[in-house]
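Here is the structure we will look at, set down as structure tokens.
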Number of protein chains: 2
Amino acid sequence: MPNPTAAMLVIGDEILSGRTRDANMYFLAGELTKVGIDLLEVRVVSDDHAAIVAAVQALSVAYDTVFTSGGIGPTHDDITADCIAEAFGQNITVRDDARALLGAHYASRNMEFTEARQRMARIPDTATLIDNPVSIAPGFTLQNVHVMAGVPNVFQAMVASVLPTLTGGAPLLSQSLRINRGEGDIAGPLSELAQKYAALSVGSYPFQKNGAYGSDIVMRGSDAALLNAAMIELAKAFADDIS
Amino acid sequence: MPNPTAAMLVIGDEILSGRTRDANMYFLAGELTKVGIDLLEVRVVSDDHAAIVAAVQALSVAYDTVFTSGGIGPTHDDITADCIAEAFGQNITVRDDARALLGAHYASRNMEFTEARQRMARIPDTATLIDNPVSIAPGFTLQNVHVMAGVPNVFQAMVASVLPTLTGGAPLLSQSLRINRGEGDIAGPLSELAQKYAALSVGSYPFQKNGAYGSDIVMRGSDAALLNAAMIELAKAFADDIS
């Protein structure tokens with residue numbers, strides 16, 4: 001049975017303007033690989049209502065699960081929750097359960113539960129809350145879309161809350177071998193190996209070191225025995241080029 | 001006049017599996033911001049023929065310019081050039097101009113110009129070559145799509161070759177101010193500022209430091225005087241919260 005599929009939607013002008021280097025995509029990709037969910041597409045869009053709605057609709061139809069990152073704070077540029085509600089034709093209001101969580105949090109810190117902070121309790125009617133142990137303001141799950149914060153430590157905590165609720169597949173195993181030959185020298189035999197072991201994904205990543213060309217070969221798949229057999233064959237084929 | 005728009009398509013299983021952290025998106029975003037081209041969307045797809053063709057077609061219609069990264073080497077998993085040709089209904093062959101460049105390069109290094117390496121000279125019929133001073137194998141431009149290598153130093157060299165050929169807009173200027181207050185405290189006045197200075201993009205990026213909440217406010221726009229006025233107003237509004 002094929003693994004479940006996933007997509008990610010990163011919402012944020014700060015990535016597209018080059019101000020911030022993405023961290024959440026890299027983290028989520030690694031976590032999904034471990035549990036056997038195939039991340040097949042990532043989209044990054046700006047803080048634009050129409051762009052977010054269109055991307056959520058397209059991805060939620062095309063993949064089993066969608067994760068979003070960013071745009072659920074208290075400020076005017078945090079429009080993700082409303083966009084997700086619109087994408088699914090849902091009503092959205094300040095919901096009692098989320099307001100109770102946040103109200104208790106601010107009360108315990110003697111901080112005012114401002115109108116802006118109450119915006120973080122805006123949750124679509126039928127969504128389920130995602131626990132946020134870091135800063136309390138919850139994410140939410142609506143249908144197959146998990147809506148999470150963009151701040152990396154909060155995003156990571158929310159992923160940890162969501163992942164146990166998902167059905168994974170066979171974890172993707174990975175092995176790699178560094179070959180001290182340029183891709184152009186090894187491409188022929190490598191292509192034959194990739195055809196022979198069609199159940200594996202065989203990737204080649206060229207590098208240059210001290211002026212010499214080399215290639216990192218990465219094989220991925222869920223069948224450990226097959227992966228071992230393919231790597232042994234690869235190592236034999238290029239025995240003279242492994243340092 | 002609004003700035004020209006751009007999208008980026010990153011092709012690579014290595015990003016989606018979490019093996020490699022993207023570097024090219026971050027680089028390109030910064031370069032486009034400098035020359036006044038608005039990067040509005042990034043998509044990352046796997047080394048999958050149908051996914052690449054569909055993404056190229058969608059992005060090339062929706063944006064003025066598209067940049068792709070990855071999948072143009074000599075190995076079996078390098079399928080980008082063929083996908084781009086198909087996306088535009090073009091024929092693709094080993095082209096004489098690209099073969100001449102690569103042939104001379106390998107001859108000068110006493111390296112064999114293997115069949116695999118000749119794959120790197122596969123270029124769609126009407127495409128223009130993009131210079132690659134690092135490792136010679138060219139990228140290419142077909143209609144409004146610039147097809148470039150995924151290896152970061154080669155990608156960067158190709159971006160440097162392409163950017164002078166594009167018409168930019170007003171460079172996006174950016175100013176930021178760190179405010180030692182949580183987003184929930186400042187969201188109201190900030191929203192008013194964002195409405196008053198509608199020509200600017202006003203972003204708020206929360207952080208926690210030593211247990212205290214703070215917000216980095218970033219304003220972006222192409223009108224320097226307007227940006228200065230808005231930043232001065234912001235600094236006055238939160239004069240007590242700036243360290």
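Ordered as shown in the structure tokens, chains take letters A, B, and onward, while each chain numbers its residues from 1 and ligands are numbered from 1 in the order shown.
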
- [ ] Output as a PyMOL selection string all residues of segment 38-216 of chain B that backbone DSSP marks as strand (DSSP E).
- [x] chain B and resi 38-45+65-69+92-94+122-124+128-130+139-142+145-148+173-179+201-209+212-216

Open item on the list: Taking only C-alpha atoms into account and nothing else, which residues of chain A lie no more than 6 Å away from chain B? Please answer as a ChimeraX atom specification.
Closed with: /A:16-18,21,26,29-30,33,39,41-45,74-76,116-117,184,187,191

Task: Close residues, Pro2 of chain A itself excluded, 12 Å, only C-alpha atoms, min 4 positions apart in chain, as a list in words - done: Gly36, Ile37, Asp38, Asp64, Gly168, Gly169, Ala170, Pro171, Leu172, Ala199, Gly221 and Ser222 of chain A

Generate the output file for the selected residues, N, CA and C atoms, as a tab-separated table (two decimals), in the first residue's frame.
```
chain	number	residue	atom	x	y	z
A	36	GLY	N	6.82	7.90	7.74
A	36	GLY	CA	6.29	7.26	6.53
A	36	GLY	C	5.14	8.01	5.87
A	37	ILE	N	5.15	9.32	5.99
A	37	ILE	CA	4.21	10.15	5.23
A	37	ILE	C	5.02	10.90	4.17
A	38	ASP	N	4.59	10.77	2.91
A	38	ASP	CA	5.38	11.32	1.81
A	38	ASP	C	5.02	12.79	1.56
A	64	ASP	N	-3.43	13.81	0.95
A	64	ASP	CA	-4.16	13.27	2.10
A	64	ASP	C	-4.19	14.27	3.25
A	168	GLY	N	0.60	6.86	9.74
A	168	GLY	CA	1.78	6.89	8.89
A	168	GLY	C	1.85	5.67	8.01
A	169	GLY	N	2.91	5.60	7.24
A	169	GLY	CA	3.15	4.43	6.40
A	169	GLY	C	4.45	3.78	6.82
A	170	ALA	N	5.07	3.09	5.90
A	170	ALA	CA	6.37	2.52	6.19
A	170	ALA	C	7.38	3.65	6.22
A	171	PRO	N	8.16	3.76	7.30
A	171	PRO	CA	9.13	4.84	7.36
A	171	PRO	C	10.10	4.78	6.17
A	172	LEU	N	10.45	5.92	5.67
A	172	LEU	CA	11.37	5.98	4.55
A	172	LEU	C	12.79	5.81	5.07
A	199	ALA	N	11.87	0.04	-7.02
A	199	ALA	CA	11.10	0.37	-5.81
A	199	ALA	C	11.83	1.39	-4.93
A	221	GLY	N	13.96	4.17	0.43
A	221	GLY	CA	12.89	3.22	0.22
A	221	GLY	C	12.47	2.67	1.57
A	222	SER	N	11.40	1.88	1.58
A	222	SER	CA	10.91	1.36	2.85
A	222	SER	C	11.30	-0.10	3.07
```

- [ ] Mind giving me the straight-line distance from atom CA of Ile123 of chain B to atom CA of Ala6 of chain B in Å, one decimal?
- [x]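 Answer for the atom CA of Ile123 of chain B to atom CA of Ala6 of chain B separation: 22.7 Å.
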
Task: Interatomic distance, atom CA of Ala104 of chain A to atom CA of Ala237 of chain B (Å, one decimal) - done: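 Value for the atom CA of Ala104 of chain A-atom CA of Ala237 of chain B distance: 28.7 Å.
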
Open item on the list: With only C-alpha atoms as the counted atoms, please give the residues lying no more than 9 Å from Asn180 of chain B, apart from itself and same-chain residues fewer than 2 positions off, as JSON, numbers by chain.
Closed with: {"B": [178, 182, 212, 213, 214, 215, 216, 238, 240, 241, 242, 243]}

Those residues you just picked out, can you put them in a file as a PDB file, in the first residue's frame with C-alpha atoms?
```pdb
ATOM      1  CA  ARG B 178      12.393  45.734  17.777  1.00  0.00           C
ATOM      2  CA  GLY B 182       4.128  41.115  22.931  1.00  0.00           C
ATOM      3  CA  ALA B 212       9.729  38.030  27.812  1.00  0.00           C
ATOM      4  CA  TYR B 213       7.648  38.590  24.692  1.00  0.00           C
ATOM      5  CA  GLY B 214       8.736  40.986  21.977  1.00  0.00           C
ATOM      6  CA  SER B 215       7.921  41.833  18.370  1.00  0.00           C
ATOM      7  CA  ASP B 216      10.081  42.718  15.415  1.00  0.00           C
ATOM      8  CA  PHE B 238       6.195  52.719  21.342  1.00  0.00           C
ATOM      9  CA  ASP B 240       8.820  53.348  26.072  1.00  0.00           C
ATOM     10  CA  ASP B 241       9.279  49.872  24.644  1.00  0.00           C
ATOM     11  CA  ILE B 242      12.382  50.297  22.517  1.00  0.00           C
ATOM     12  CA  SER B 243      15.652  49.236  24.064  1.00  0.00           C
TER      13      SER B 243
END
```

TODO: Mind checking which residues fall within 9 Å of Ser161 of chain A, counting only C-alpha atoms, ignoring those fewer than 6 positions away in the same chain, and posting them as number ranges by chain?
DONE: A: 130-132
